[in-house]
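Novice: Below is the file target-v1.cif, with mmCIF, C-alpha atoms.
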```
data_input
loop_
_atom_site.group_PDB
_atom_site.id
_atom_site.type_symbol
_atom_site.label_atom_id
_atom_site.label_comp_id
_atom_site.auth_asym_id
_atom_site.auth_seq_id
_atom_site.Cartn_x
_atom_site.Cartn_y
_atom_site.Cartn_z
ATOM 1 C CA GLU A 1 -7.093 -13.560 -1.477
ATOM 2 C CA THR A 2 -9.261 -11.031 0.370
ATOM 3 C CA GLY A 3 -10.100 -7.780 -1.389
ATOM 4 C CA VAL A 4 -10.335 -4.305 0.084
ATOM 5 C CA THR A 5 -13.172 -3.919 2.574
ATOM 6 C CA GLN A 6 -14.655 -0.791 4.105
ATOM 7 C CA SER A 7 -17.018 -0.100 6.970
ATOM 8 C CA PRO A 8 -19.624 1.075 7.488
ATOM 9 C CA THR A 9 -21.437 0.946 4.149
ATOM 10 C CA HIS A 10 -23.580 3.977 4.881
ATOM 11 C CA LEU A 11 -23.477 6.623 7.574
ATOM 12 C CA ILE A 12 -25.585 9.656 8.436
ATOM 13 C CA LYS A 13 -24.158 12.447 10.602
ATOM 14 C CA THR A 14 -25.081 16.019 11.417
ATOM 15 C CA ARG A 15 -23.034 19.151 10.871
ATOM 16 C CA GLY A 16 -20.268 19.624 13.430
ATOM 17 C CA GLN A 17 -20.010 15.964 14.362
ATOM 18 C CA GLN A 18 -16.961 13.759 13.890
ATOM 19 C CA VAL A 19 -16.798 10.528 11.903
ATOM 20 C CA THR A 20 -14.390 7.600 11.580
ATOM 21 C CA LEU A 21 -14.344 5.390 8.508
ATOM 22 C CA ARG A 22 -12.430 2.119 8.331
ATOM 23 C CA CYS A 23 -10.586 0.219 5.639
ATOM 24 C CA SER A 24 -8.945 -3.180 5.529
ATOM 25 C CA SER A 25 -6.377 -3.504 2.779
ATOM 26 C CA GLN A 26 -6.077 -6.402 0.368
ATOM 27 C CA SER A 27 -3.824 -9.159 1.687
ATOM 28 C CA GLY A 28 -0.191 -8.554 0.798
ATOM 29 C CA HIS A 29 -0.665 -4.793 0.425
ATOM 30 C CA ASN A 30 1.101 -2.273 2.673
ATOM 31 C CA THR A 31 -0.180 1.081 1.410
ATOM 32 C CA VAL A 32 -3.601 2.652 1.777
ATOM 33 C CA SER A 33 -4.958 5.684 -0.068
ATOM 34 C CA TRP A 34 -8.199 7.538 0.653
ATOM 35 C CA TYR A 35 -10.358 9.358 -1.890
ATOM 36 C CA GLN A 36 -13.496 11.476 -1.671
ATOM 37 C CA GLN A 37 -16.058 11.286 -4.454
ATOM 38 C CA ALA A 38 -18.809 13.886 -4.519
ATOM 39 C CA LEU A 39 -21.943 13.100 -6.496
ATOM 40 C CA GLY A 40 -21.350 13.257 -10.234
ATOM 41 C CA GLN A 41 -17.596 13.801 -9.958
ATOM 42 C CA GLY A 42 -14.483 11.654 -10.130
ATOM 43 C CA PRO A 43 -12.694 10.594 -6.938
ATOM 44 C CA GLN A 44 -10.366 13.175 -5.377
ATOM 45 C CA PHE A 45 -7.208 12.085 -3.533
ATOM 46 C CA ILE A 46 -7.225 12.857 0.202
ATOM 47 C CA PHE A 47 -4.029 11.201 1.462
ATOM 48 C CA GLN A 48 -1.986 8.013 1.496
ATOM 49 C CA TYR A 49 -0.447 5.976 4.318
ATOM 50 C CA TYR A 50 2.638 3.801 4.114
ATOM 51 C CA ARG A 51 4.394 2.247 7.098
ATOM 52 C CA GLU A 52 1.918 3.960 9.413
ATOM 53 C CA GLU A 53 2.889 7.437 8.220
ATOM 54 C CA GLU A 54 1.182 9.889 5.897
ATOM 55 C CA ASN A 55 2.927 9.667 2.538
ATOM 56 C CA GLY A 56 1.309 12.325 0.391
ATOM 57 C CA ARG A 57 -1.765 14.529 0.783
ATOM 58 C CA GLY A 58 -4.216 16.172 -1.551
ATOM 59 C CA ASN A 59 -5.920 19.539 -1.151
ATOM 60 C CA PHE A 60 -7.937 18.728 1.969
ATOM 61 C CA PRO A 61 -7.971 20.651 5.275
ATOM 62 C CA PRO A 62 -6.383 19.316 8.480
ATOM 63 C CA ARG A 63 -9.743 18.244 9.864
ATOM 64 C CA PHE A 64 -9.311 15.263 7.532
ATOM 65 C CA SER A 65 -6.833 12.970 9.252
ATOM 66 C CA GLY A 66 -5.946 9.332 9.173
ATOM 67 C CA LEU A 67 -4.156 6.435 10.740
ATOM 68 C CA GLN A 68 -2.593 3.247 9.515
ATOM 69 C CA PHE A 69 -2.151 0.284 11.829
ATOM 70 C CA PRO A 70 0.580 -2.389 11.926
ATOM 71 C CA ASN A 71 -1.715 -4.794 10.057
ATOM 72 C CA TYR A 72 -1.960 -2.110 7.289
ATOM 73 C CA SER A 73 -5.613 -1.372 7.918
ATOM 74 C CA SER A 74 -6.501 2.298 8.051
ATOM 75 C CA GLU A 75 -8.938 4.865 9.416
ATOM 76 C CA LEU A 76 -10.106 8.154 7.972
ATOM 77 C CA ASN A 77 -11.275 10.690 10.548
ATOM 78 C CA VAL A 78 -13.183 13.833 9.686
ATOM 79 C CA ASN A 79 -13.826 16.452 12.384
ATOM 80 C CA ALA A 80 -16.330 19.284 12.399
ATOM 81 C CA LEU A 81 -18.368 17.809 9.566
ATOM 82 C CA GLU A 82 -19.737 20.195 6.937
ATOM 83 C CA LEU A 83 -22.589 19.645 4.516
ATOM 84 C CA ASP A 84 -20.092 19.500 1.624
ATOM 85 C CA ASP A 85 -18.417 16.491 3.230
ATOM 86 C CA SER A 86 -21.347 14.395 2.029
ATOM 87 C CA ALA A 87 -19.739 12.006 -0.440
ATOM 88 C CA LEU A 88 -18.630 8.470 -1.185
ATOM 89 C CA TYR A 89 -15.341 7.814 0.618
ATOM 90 C CA LEU A 90 -13.131 5.294 -1.111
ATOM 91 C CA CYS A 91 -10.153 3.412 0.177
ATOM 92 C CA ALA A 92 -7.585 1.844 -2.138
ATOM 93 C CA SER A 93 -4.720 -0.459 -1.226
ATOM 94 C CA SER A 94 -1.508 -1.208 -3.062
ATOM 95 C CA LEU A 95 1.925 -2.647 -2.548
ATOM 96 C CA GLN A 96 4.974 -0.453 -2.332
ATOM 97 C CA ALA A 97 8.201 -2.361 -2.701
ATOM 98 C CA THR A 98 11.340 -1.443 -0.761
ATOM 99 C CA SER A 99 12.738 -0.177 -4.061
ATOM 100 C CA GLY A 100 10.032 2.484 -4.069
ATOM 101 C CA ARG A 101 8.079 0.953 -6.923
ATOM 102 C CA ARG A 102 4.361 1.398 -6.376
ATOM 103 C CA ASP A 103 1.919 -1.048 -7.819
ATOM 104 C CA THR A 104 -1.690 -0.826 -8.923
ATOM 105 C CA GLN A 105 -4.266 0.527 -6.475
ATOM 106 C CA TYR A 106 -7.330 -1.620 -5.827
ATOM 107 C CA PHE A 107 -10.428 0.049 -4.448
ATOM 108 C CA GLY A 108 -12.941 -0.982 -1.840
ATOM 109 C CA PRO A 109 -16.709 -0.540 -2.239
ATOM 110 C CA GLY A 110 -16.742 2.791 -0.391
ATOM 111 C CA THR A 111 -18.615 4.346 2.517
ATOM 112 C CA ARG A 112 -21.499 6.679 1.682
ATOM 113 C CA LEU A 113 -21.476 9.561 4.169
ATOM 114 C CA THR A 114 -24.432 11.904 4.391
ATOM 115 C CA VAL A 115 -24.111 15.062 6.482
ATOM 116 C CA LEU A 116 -27.396 16.733 7.448
ATOM 117 C CA ASP B 1 0.890 13.661 -13.648
ATOM 118 C CA ALA B 2 -0.232 14.315 -17.242
ATOM 119 C CA LYS B 3 -3.799 15.391 -17.922
ATOM 120 C CA THR B 4 -6.114 13.179 -19.954
ATOM 121 C CA THR B 5 -9.033 14.001 -22.257
ATOM 122 C CA GLN B 6 -11.889 11.570 -22.820
ATOM 123 C CA PRO B 7 -15.289 11.875 -24.516
ATOM 124 C CA THR B 8 -18.034 12.521 -22.012
ATOM 125 C CA SER B 9 -20.218 9.658 -23.161
ATOM 126 C CA MET B 10 -20.435 6.829 -25.668
ATOM 127 C CA ASP B 11 -22.962 4.195 -26.659
ATOM 128 C CA CYS B 12 -22.243 0.649 -27.747
ATOM 129 C CA ALA B 13 -24.471 -2.195 -28.909
ATOM 130 C CA GLU B 14 -24.407 -5.331 -26.792
ATOM 131 C CA GLY B 15 -22.045 -7.927 -28.251
ATOM 132 C CA ARG B 16 -20.074 -5.383 -30.232
ATOM 133 C CA ALA B 17 -16.610 -4.071 -29.413
ATOM 134 C CA ALA B 18 -16.483 -0.900 -27.333
ATOM 135 C CA ASN B 19 -13.533 1.336 -28.195
ATOM 136 C CA LEU B 20 -12.898 4.052 -25.629
ATOM 137 C CA PRO B 21 -10.340 6.696 -26.633
ATOM 138 C CA CYS B 22 -8.109 8.759 -24.365
ATOM 139 C CA ASN B 23 -5.769 11.605 -25.239
ATOM 140 C CA HIS B 24 -2.722 12.228 -23.077
ATOM 141 C CA SER B 25 -0.571 14.423 -25.303
ATOM 142 C CA THR B 26 1.645 15.674 -22.445
ATOM 143 C CA ILE B 27 2.529 12.229 -21.133
ATOM 144 C CA SER B 28 6.114 11.788 -19.944
ATOM 145 C CA GLY B 29 8.360 8.857 -20.698
ATOM 146 C CA ASN B 30 7.987 7.323 -17.246
ATOM 147 C CA GLU B 31 4.209 7.684 -16.979
ATOM 148 C CA TYR B 32 1.932 4.689 -17.259
ATOM 149 C CA VAL B 33 -1.588 4.699 -18.704
ATOM 150 C CA TYR B 34 -4.160 3.165 -16.337
ATOM 151 C CA TRP B 35 -7.808 2.383 -16.935
ATOM 152 C CA TYR B 36 -10.413 1.981 -14.228
ATOM 153 C CA ARG B 37 -14.165 1.747 -14.443
ATOM 154 C CA GLN B 38 -16.858 2.576 -11.940
ATOM 155 C CA ILE B 39 -20.256 0.992 -12.000
ATOM 156 C CA HIS B 40 -22.888 3.126 -10.337
ATOM 157 C CA SER B 41 -22.195 3.749 -6.637
ATOM 158 C CA GLN B 42 -19.449 1.123 -6.434
ATOM 159 C CA GLY B 43 -15.697 1.563 -5.970
ATOM 160 C CA PRO B 44 -13.563 1.966 -9.103
ATOM 161 C CA GLN B 45 -12.455 -1.334 -10.614
ATOM 162 C CA TYR B 46 -8.967 -1.696 -12.074
ATOM 163 C CA ILE B 47 -9.035 -2.849 -15.699
ATOM 164 C CA ILE B 48 -5.589 -2.662 -17.254
ATOM 165 C CA HIS B 49 -2.453 -0.534 -17.539
ATOM 166 C CA GLY B 50 0.526 -0.142 -19.852
ATOM 167 C CA LEU B 51 3.642 1.893 -20.563
ATOM 168 C CA LYS B 52 4.331 1.645 -24.275
ATOM 169 C CA ASN B 53 3.375 -1.807 -25.523
ATOM 170 C CA ASN B 54 -0.146 -2.952 -26.160
ATOM 171 C CA GLU B 55 -1.576 -5.006 -23.316
ATOM 172 C CA THR B 56 -4.367 -7.563 -23.059
ATOM 173 C CA ASN B 57 -5.976 -9.304 -20.138
ATOM 174 C CA GLU B 58 -9.200 -11.155 -19.482
ATOM 175 C CA MET B 59 -11.176 -7.915 -19.289
ATOM 176 C CA ALA B 60 -9.856 -5.731 -22.082
ATOM 177 C CA SER B 61 -7.106 -4.693 -24.463
ATOM 178 C CA LEU B 62 -5.126 -1.472 -24.279
ATOM 179 C CA ILE B 63 -3.699 -0.013 -27.450
ATOM 180 C CA ILE B 64 -1.147 2.789 -26.981
ATOM 181 C CA THR B 65 -0.007 4.789 -30.007
ATOM 182 C CA GLU B 66 3.668 4.770 -30.890
ATOM 183 C CA ASP B 67 4.114 8.390 -29.771
ATOM 184 C CA ARG B 68 2.190 7.525 -26.562
ATOM 185 C CA LYS B 69 0.023 10.612 -26.886
ATOM 186 C CA SER B 70 -3.199 8.622 -26.998
ATOM 187 C CA SER B 71 -4.589 5.218 -26.190
ATOM 188 C CA THR B 72 -7.716 3.147 -26.703
ATOM 189 C CA LEU B 73 -9.343 0.729 -24.316
ATOM 190 C CA ILE B 74 -11.124 -2.078 -26.144
ATOM 191 C CA LEU B 75 -13.847 -4.218 -24.609
ATOM 192 C CA PRO B 76 -14.101 -6.907 -27.299
ATOM 193 C CA HIS B 77 -17.676 -8.053 -26.691
ATOM 194 C CA ALA B 78 -19.521 -5.513 -24.575
ATOM 195 C CA THR B 79 -22.315 -6.710 -22.295
ATOM 196 C CA LEU B 80 -24.947 -4.768 -20.395
ATOM 197 C CA ARG B 81 -22.810 -5.215 -17.263
ATOM 198 C CA ASP B 82 -20.061 -3.147 -18.900
ATOM 199 C CA THR B 83 -22.226 -0.032 -18.590
ATOM 200 C CA ALA B 84 -20.101 2.219 -16.363
ATOM 201 C CA VAL B 85 -17.918 5.323 -16.222
ATOM 202 C CA TYR B 86 -14.462 4.562 -17.605
ATOM 203 C CA TYR B 87 -11.498 6.571 -16.362
ATOM 204 C CA CYS B 88 -8.197 6.930 -18.174
ATOM 205 C CA ILE B 89 -5.391 8.010 -15.826
ATOM 206 C CA VAL B 90 -1.689 8.558 -16.401
ATOM 207 C CA ARG B 91 0.723 8.408 -13.519
ATOM 208 C CA VAL B 92 4.372 7.984 -12.773
ATOM 209 C CA GLY B 93 5.334 4.550 -11.516
ATOM 210 C CA ASN B 94 7.430 5.855 -8.661
ATOM 211 C CA ASN B 95 6.037 9.315 -7.920
ATOM 212 C CA ALA B 96 5.838 10.557 -4.380
ATOM 213 C CA GLY B 97 2.327 10.307 -3.023
ATOM 214 C CA ASN B 98 1.231 7.863 -5.691
ATOM 215 C CA MET B 99 -2.116 9.550 -6.059
ATOM 216 C CA LEU B 100 -4.466 8.804 -8.928
ATOM 217 C CA THR B 101 -5.896 11.921 -10.587
ATOM 218 C CA PHE B 102 -9.352 11.133 -11.938
ATOM 219 C CA GLY B 103 -10.899 13.283 -14.643
ATOM 220 C CA GLY B 104 -14.512 13.166 -15.726
ATOM 221 C CA GLY B 105 -14.242 9.820 -17.492
ATOM 222 C CA THR B 106 -16.391 8.423 -20.287
ATOM 223 C CA ARG B 107 -19.868 7.222 -19.478
ATOM 224 C CA LEU B 108 -20.326 4.070 -21.583
ATOM 225 C CA MET B 109 -23.869 2.913 -22.139
ATOM 226 C CA VAL B 110 -24.189 -0.597 -23.562
ATOM 227 C CA LYS B 111 -27.571 -1.038 -25.213
ATOM 228 C CA PRO B 112 -29.403 -4.251 -26.054
#
```
Would you put the structure from the file into structure tokens?
Specialist:
Amino acid sequence: ETGVTQSPTHLIKTRGQQVTLRCSSQSGHNTVSWYQQALGQGPQFIFQYYREEENGRGNFPPRFSGLQFPNYSSELNVNALELDDSALYLCASSLQATSGRRDTQYFGPGTRLTVL
Amino acid sequence: DAKTTQPTSMDCAEGRAANLPCNHSTISGNEYVYWYRQIHSQGPQYIIHGLKNNETNEMASLIITEDRKSSTLILPHATLRDTAVYYCIVRVGNNAGNMLTFGGGTRLMVKP
């Protein structure tokens, strides 16, 4: 069984640029959630994707957007990068049954984004 | 989702049991208690979860009080590799959005 993977591991961008982060979900999982973790803080929920549609969003502006693909992998896109976007970006996958039951989320290793 | 309260930090001697408390006095009947840990700069690692009964797996035991207002995560024989931030989270099993709300967690330092 393959766990959650993320790429790239580290990334450096400058203010105003755009960035795309990628996540491959654990095999058998159909739901992907994204979190932002600033230094010294707990992860904060950005949004979740299920069946290729956004299925819940935290308090993040529209310049944070995402996609989910038919193979359940996902992308997080951030436009117009700001210095405060520097953080560890975490992806978590889980299985949502047709009944609506949502199972445990398993996290990937994260992508460290630095905005200069 | 209900809010949780955890001590900011704890120490534990290597080989001894680490008991990490969590208060969740406003927990609802359909909310589960989840524990994750995060070793420095890595993604959070799932440890265990429960609803009302005590649970045990290969990593830890979870003891939930009868009124469900608090719980304790027990690492029976802590090792140096258990040094991490431990997060206690309560969430509804079928809530829309399914987000996990992380608090500050407990920084556990296992000492030789």
Novice: Which residues come within 7 Å of Ser94 of chain A, counting all atoms listed in the file, excluding same-chain residues fewer than 4 positions away, as a ChimeraX atom specification?
Specialist: /A:29-32,103-106
Novice: Which one of B:Ile39, B:Met99, B:Ala78, B:Cys12 sits closest to chain A if you count only C-alpha atoms?
Specialist: B:Met99
Novice: At what distance in Å, to one decimal, does atom CA of Gln41 of chain A lie from atom CA of Asn55 of chain A?
Specialist: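 Separation of atom CA of Asn55 of chain A and atom CA of Gln41 of chain A: 24.4 Å.
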Novice: Place a sphere of radius 8 Å on (-14.7, 4.0, 2.7) in the file coordinates and name every protein, DNA or RNA residue with an atom inside or on its surface, counting all atoms listed in the file; give the answer as a PDB file with C-alpha atoms, in the frame of the given file.
Specialist:
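Saved the output as out-v3.pdb:
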```pdb
ATOM      1  CA  GLN A   6     -14.655  -0.791   4.105  1.00  0.00           C
ATOM      2  CA  SER A   7     -17.018  -0.100   6.970  1.00  0.00           C
ATOM      3  CA  PRO A   8     -19.624   1.075   7.488  1.00  0.00           C
ATOM      4  CA  THR A   9     -21.437   0.946   4.149  1.00  0.00           C
ATOM      5  CA  LEU A  21     -14.344   5.390   8.508  1.00  0.00           C
ATOM      6  CA  ARG A  22     -12.430   2.119   8.331  1.00  0.00           C
ATOM      7  CA  CYS A  23     -10.586   0.219   5.639  1.00  0.00           C
ATOM      8  CA  TRP A  34      -8.199   7.538   0.653  1.00  0.00           C
ATOM      9  CA  LEU A  88     -18.630   8.470  -1.185  1.00  0.00           C
ATOM     10  CA  TYR A  89     -15.341   7.814   0.618  1.00  0.00           C
ATOM     11  CA  LEU A  90     -13.131   5.294  -1.111  1.00  0.00           C
ATOM     12  CA  CYS A  91     -10.153   3.412   0.177  1.00  0.00           C
ATOM     13  CA  GLY A 108     -12.941  -0.982  -1.840  1.00  0.00           C
ATOM     14  CA  PRO A 109     -16.709  -0.540  -2.239  1.00  0.00           C
ATOM     15  CA  GLY A 110     -16.742   2.791  -0.391  1.00  0.00           C
ATOM     16  CA  THR A 111     -18.615   4.346   2.517  1.00  0.00           C
ATOM     17  CA  ARG A 112     -21.499   6.679   1.682  1.00  0.00           C
TER      18      ARG A 112
END
```
Novice: Return the single residue from B:Tyr32, B:Thr56, B:Ala13, B:Gly43 that is closest to Arg68 of chain B, with distances computed using only C-alpha atoms.
Specialist: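 Nearest candidate to Arg68 of chain B out of B:Tyr32, B:Thr56, B:Ala13, B:Gly43: B:Tyr32.
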Novice: Quick one: apply the PyMOL selection byres ((chain B and resi 36) around 7) to the file and drop the selected residues here as a list in words.
Specialist: Tyr34, Trp35, Arg37, Gln38, Pro44, Gln45, Tyr46, Ile47, Tyr86, Tyr87 and Cys88 of chain B
Novice: Find the residues near segment 63-66 of chain A: any atom within 7 Å, counting all atoms listed in the file, skip ones fewer than 2 places away on the same chain, and give them as a ChimeraX atom specification.
Specialist: /A:60-61,68,75-79
Novice: Could you list, as a PDB file with C-alpha atoms, keeping the file's coordinate frame, every residue within 10 Å of segment 18-23 of chain B, counting all atoms listed in the file and ignoring same-chain residues fewer than 2 positions away?
Specialist:
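out25.pdb, written as the output of this step:
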```pdb
ATOM      1  CA  LYS B   3      -3.799  15.391 -17.922  1.00  0.00           C
ATOM      2  CA  THR B   4      -6.114  13.179 -19.954  1.00  0.00           C
ATOM      3  CA  THR B   5      -9.033  14.001 -22.257  1.00  0.00           C
ATOM      4  CA  GLN B   6     -11.889  11.570 -22.820  1.00  0.00           C
ATOM      5  CA  PRO B   7     -15.289  11.875 -24.516  1.00  0.00           C
ATOM      6  CA  SER B   9     -20.218   9.658 -23.161  1.00  0.00           C
ATOM      7  CA  MET B  10     -20.435   6.829 -25.668  1.00  0.00           C
ATOM      8  CA  ASP B  11     -22.962   4.195 -26.659  1.00  0.00           C
ATOM      9  CA  CYS B  12     -22.243   0.649 -27.747  1.00  0.00           C
ATOM     10  CA  ALA B  13     -24.471  -2.195 -28.909  1.00  0.00           C
ATOM     11  CA  GLU B  14     -24.407  -5.331 -26.792  1.00  0.00           C
ATOM     12  CA  GLY B  15     -22.045  -7.927 -28.251  1.00  0.00           C
ATOM     13  CA  ARG B  16     -20.074  -5.383 -30.232  1.00  0.00           C
ATOM     14  CA  SER B  25      -0.571  14.423 -25.303  1.00  0.00           C
ATOM     15  CA  THR B  26       1.645  15.674 -22.445  1.00  0.00           C
ATOM     16  CA  ILE B  27       2.529  12.229 -21.133  1.00  0.00           C
ATOM     17  CA  VAL B  33      -1.588   4.699 -18.704  1.00  0.00           C
ATOM     18  CA  TRP B  35      -7.808   2.383 -16.935  1.00  0.00           C
ATOM     19  CA  ALA B  60      -9.856  -5.731 -22.082  1.00  0.00           C
ATOM     20  CA  SER B  61      -7.106  -4.693 -24.463  1.00  0.00           C
ATOM     21  CA  LEU B  62      -5.126  -1.472 -24.279  1.00  0.00           C
ATOM     22  CA  ILE B  63      -3.699  -0.013 -27.450  1.00  0.00           C
ATOM     23  CA  ILE B  64      -1.147   2.789 -26.981  1.00  0.00           C
ATOM     24  CA  ARG B  68       2.190   7.525 -26.562  1.00  0.00           C
ATOM     25  CA  LYS B  69       0.023  10.612 -26.886  1.00  0.00           C
ATOM     26  CA  SER B  70      -3.199   8.622 -26.998  1.00  0.00           C
ATOM     27  CA  SER B  71      -4.589   5.218 -26.190  1.00  0.00           C
ATOM     28  CA  THR B  72      -7.716   3.147 -26.703  1.00  0.00           C
ATOM     29  CA  LEU B  73      -9.343   0.729 -24.316  1.00  0.00           C
ATOM     30  CA  ILE B  74     -11.124  -2.078 -26.144  1.00  0.00           C
ATOM     31  CA  LEU B  75     -13.847  -4.218 -24.609  1.00  0.00           C
ATOM     32  CA  PRO B  76     -14.101  -6.907 -27.299  1.00  0.00           C
ATOM     33  CA  HIS B  77     -17.676  -8.053 -26.691  1.00  0.00           C
ATOM     34  CA  ALA B  78     -19.521  -5.513 -24.575  1.00  0.00           C
ATOM     35  CA  THR B  79     -22.315  -6.710 -22.295  1.00  0.00           C
ATOM     36  CA  ASP B  82     -20.061  -3.147 -18.900  1.00  0.00           C
ATOM     37  CA  TYR B  86     -14.462   4.562 -17.605  1.00  0.00           C
ATOM     38  CA  TYR B  87     -11.498   6.571 -16.362  1.00  0.00           C
ATOM     39  CA  CYS B  88      -8.197   6.930 -18.174  1.00  0.00           C
ATOM     40  CA  ILE B  89      -5.391   8.010 -15.826  1.00  0.00           C
ATOM     41  CA  GLY B 105     -14.242   9.820 -17.492  1.00  0.00           C
ATOM     42  CA  THR B 106     -16.391   8.423 -20.287  1.00  0.00           C
ATOM     43  CA  ARG B 107     -19.868   7.222 -19.478  1.00  0.00           C
ATOM     44  CA  LEU B 108     -20.326   4.070 -21.583  1.00  0.00           C
ATOM     45  CA  MET B 109     -23.869   2.913 -22.139  1.00  0.00           C
ATOM     46  CA  VAL B 110     -24.189  -0.597 -23.562  1.00  0.00           C
TER      47      VAL B 110
END
```
Novice: Work out where the centre of an axis-aligned box around every listed atom of segment 36-40 of chain B lies and how long its edges are once 3 Å is added on each side; give both in Å to one decimal as AutoDock Vina command-line options.
Specialist:
```
--center_x -16.7 --center_y 2.1 --center_z -12.4 --size_x 18.5 --size_y 8.1 --size_z 10.1
```
Novice: Could you expand the PyMOL selection byres ((chain A and resi 46) around 7) into the explicit residues it covers here, written as a PyMOL selection string?
Specialist: chain A and resi 34-36+44-45+47+57-60
Novice: So how far away is atom CA of Glu55 of chain B from atom CA of His24 of chain B, in Å?
Specialist: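 So the answer is 17.3 Å.
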Novice: Work out how far apart atom CA of Ala80 of chain A and atom CA of Ser25 of chain A are and give it in Å to one decimal.
Specialist: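 Calculated distance between atom CA of Ala80 of chain A and atom CA of Ser25 of chain A is 26.7 Å.
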Novice: Select, from B:Asn98, B:Val92, B:Asn30, B:Gly103, the residue with the minimum atom-to-atom distance to Gln96 of chain A, counting only C-alpha atoms.
Specialist: B:Asn98
Novice: Return the single residue from B:Ala17, B:Met59, B:Ala84, B:Ile48 that is closest to chain A, with distances computed using all atoms listed in the file.
Specialist: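 Between B:Ala17, B:Met59, B:Ala84, B:Ile48, the residue approaching chain A most closely is B:Ile48.
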Novice: Rebuild N, CA, C and O atoms on segment 100-112 of chain B, as a PDB file, in the frame of the given file?
Specialist:
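Output (out.pdb):
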```
ATOM      1  N   LEU B 100      -3.823   8.908  -7.630  1.00  0.00           N
ATOM      2  CA  LEU B 100      -4.466   8.804  -8.928  1.00  0.00           C
ATOM      3  C   LEU B 100      -5.293  10.059  -9.130  1.00  0.00           C
ATOM      4  O   LEU B 100      -6.070  10.440  -8.254  1.00  0.00           O
ATOM      5  N   THR B 101      -5.125  10.718 -10.272  1.00  0.00           N
ATOM      6  CA  THR B 101      -5.896  11.921 -10.587  1.00  0.00           C
ATOM      7  C   THR B 101      -6.978  11.535 -11.577  1.00  0.00           C
ATOM      8  O   THR B 101      -6.693  11.255 -12.742  1.00  0.00           O
ATOM      9  N   PHE B 102      -8.217  11.511 -11.103  1.00  0.00           N
ATOM     10  CA  PHE B 102      -9.352  11.133 -11.938  1.00  0.00           C
ATOM     11  C   PHE B 102      -9.912  12.370 -12.625  1.00  0.00           C
ATOM     12  O   PHE B 102     -10.119  13.404 -12.000  1.00  0.00           O
ATOM     13  N   GLY B 103     -10.170  12.244 -13.930  1.00  0.00           N
ATOM     14  CA  GLY B 103     -10.899  13.283 -14.643  1.00  0.00           C
ATOM     15  C   GLY B 103     -12.383  12.943 -14.643  1.00  0.00           C
ATOM     16  O   GLY B 103     -12.862  12.245 -13.752  1.00  0.00           O
ATOM     17  N   GLY B 104     -13.076  13.405 -15.656  1.00  0.00           N
ATOM     18  CA  GLY B 104     -14.512  13.166 -15.726  1.00  0.00           C
ATOM     19  C   GLY B 104     -14.877  11.790 -16.240  1.00  0.00           C
ATOM     20  O   GLY B 104     -15.980  11.299 -15.993  1.00  0.00           O
ATOM     21  N   GLY B 105     -13.965  11.151 -16.970  1.00  0.00           N
ATOM     22  CA  GLY B 105     -14.242   9.820 -17.492  1.00  0.00           C
ATOM     23  C   GLY B 105     -15.206   9.819 -18.658  1.00  0.00           C
ATOM     24  O   GLY B 105     -15.761  10.853 -19.053  1.00  0.00           O
ATOM     25  N   THR B 106     -15.414   8.635 -19.217  1.00  0.00           N
ATOM     26  CA  THR B 106     -16.391   8.423 -20.287  1.00  0.00           C
ATOM     27  C   THR B 106     -17.503   7.540 -19.756  1.00  0.00           C
ATOM     28  O   THR B 106     -17.251   6.442 -19.268  1.00  0.00           O
ATOM     29  N   ARG B 107     -18.720   8.034 -19.889  1.00  0.00           N
ATOM     30  CA  ARG B 107     -19.868   7.222 -19.478  1.00  0.00           C
ATOM     31  C   ARG B 107     -20.258   6.338 -20.644  1.00  0.00           C
ATOM     32  O   ARG B 107     -20.752   6.822 -21.664  1.00  0.00           O
ATOM     33  N   LEU B 108     -19.994   5.038 -20.537  1.00  0.00           N
ATOM     34  CA  LEU B 108     -20.326   4.070 -21.583  1.00  0.00           C
ATOM     35  C   LEU B 108     -21.672   3.443 -21.288  1.00  0.00           C
ATOM     36  O   LEU B 108     -21.887   2.897 -20.202  1.00  0.00           O
ATOM     37  N   MET B 109     -22.557   3.545 -22.257  1.00  0.00           N
ATOM     38  CA  MET B 109     -23.869   2.913 -22.139  1.00  0.00           C
ATOM     39  C   MET B 109     -23.928   1.783 -23.143  1.00  0.00           C
ATOM     40  O   MET B 109     -23.824   2.023 -24.355  1.00  0.00           O
ATOM     41  N   VAL B 110     -24.040   0.551 -22.681  1.00  0.00           N
ATOM     42  CA  VAL B 110     -24.189  -0.597 -23.562  1.00  0.00           C
ATOM     43  C   VAL B 110     -25.680  -0.875 -23.707  1.00  0.00           C
ATOM     44  O   VAL B 110     -26.380  -1.068 -22.712  1.00  0.00           O
ATOM     45  N   LYS B 111     -26.127  -0.901 -24.962  1.00  0.00           N
ATOM     46  CA  LYS B 111     -27.571  -1.038 -25.213  1.00  0.00           C
ATOM     47  C   LYS B 111     -27.882  -2.370 -25.844  1.00  0.00           C
ATOM     48  O   LYS B 111     -27.109  -2.875 -26.655  1.00  0.00           O
ATOM     49  N   PRO B 112     -29.040  -2.945 -25.494  1.00  0.00           N
ATOM     50  CA  PRO B 112     -29.403  -4.251 -26.054  1.00  0.00           C
ATOM     51  C   PRO B 112     -29.702  -4.151 -27.546  1.00  0.00           C
ATOM     52  O   PRO B 112     -30.022  -3.098 -28.071  1.00  0.00           O
TER      53      PRO B 112
END
```
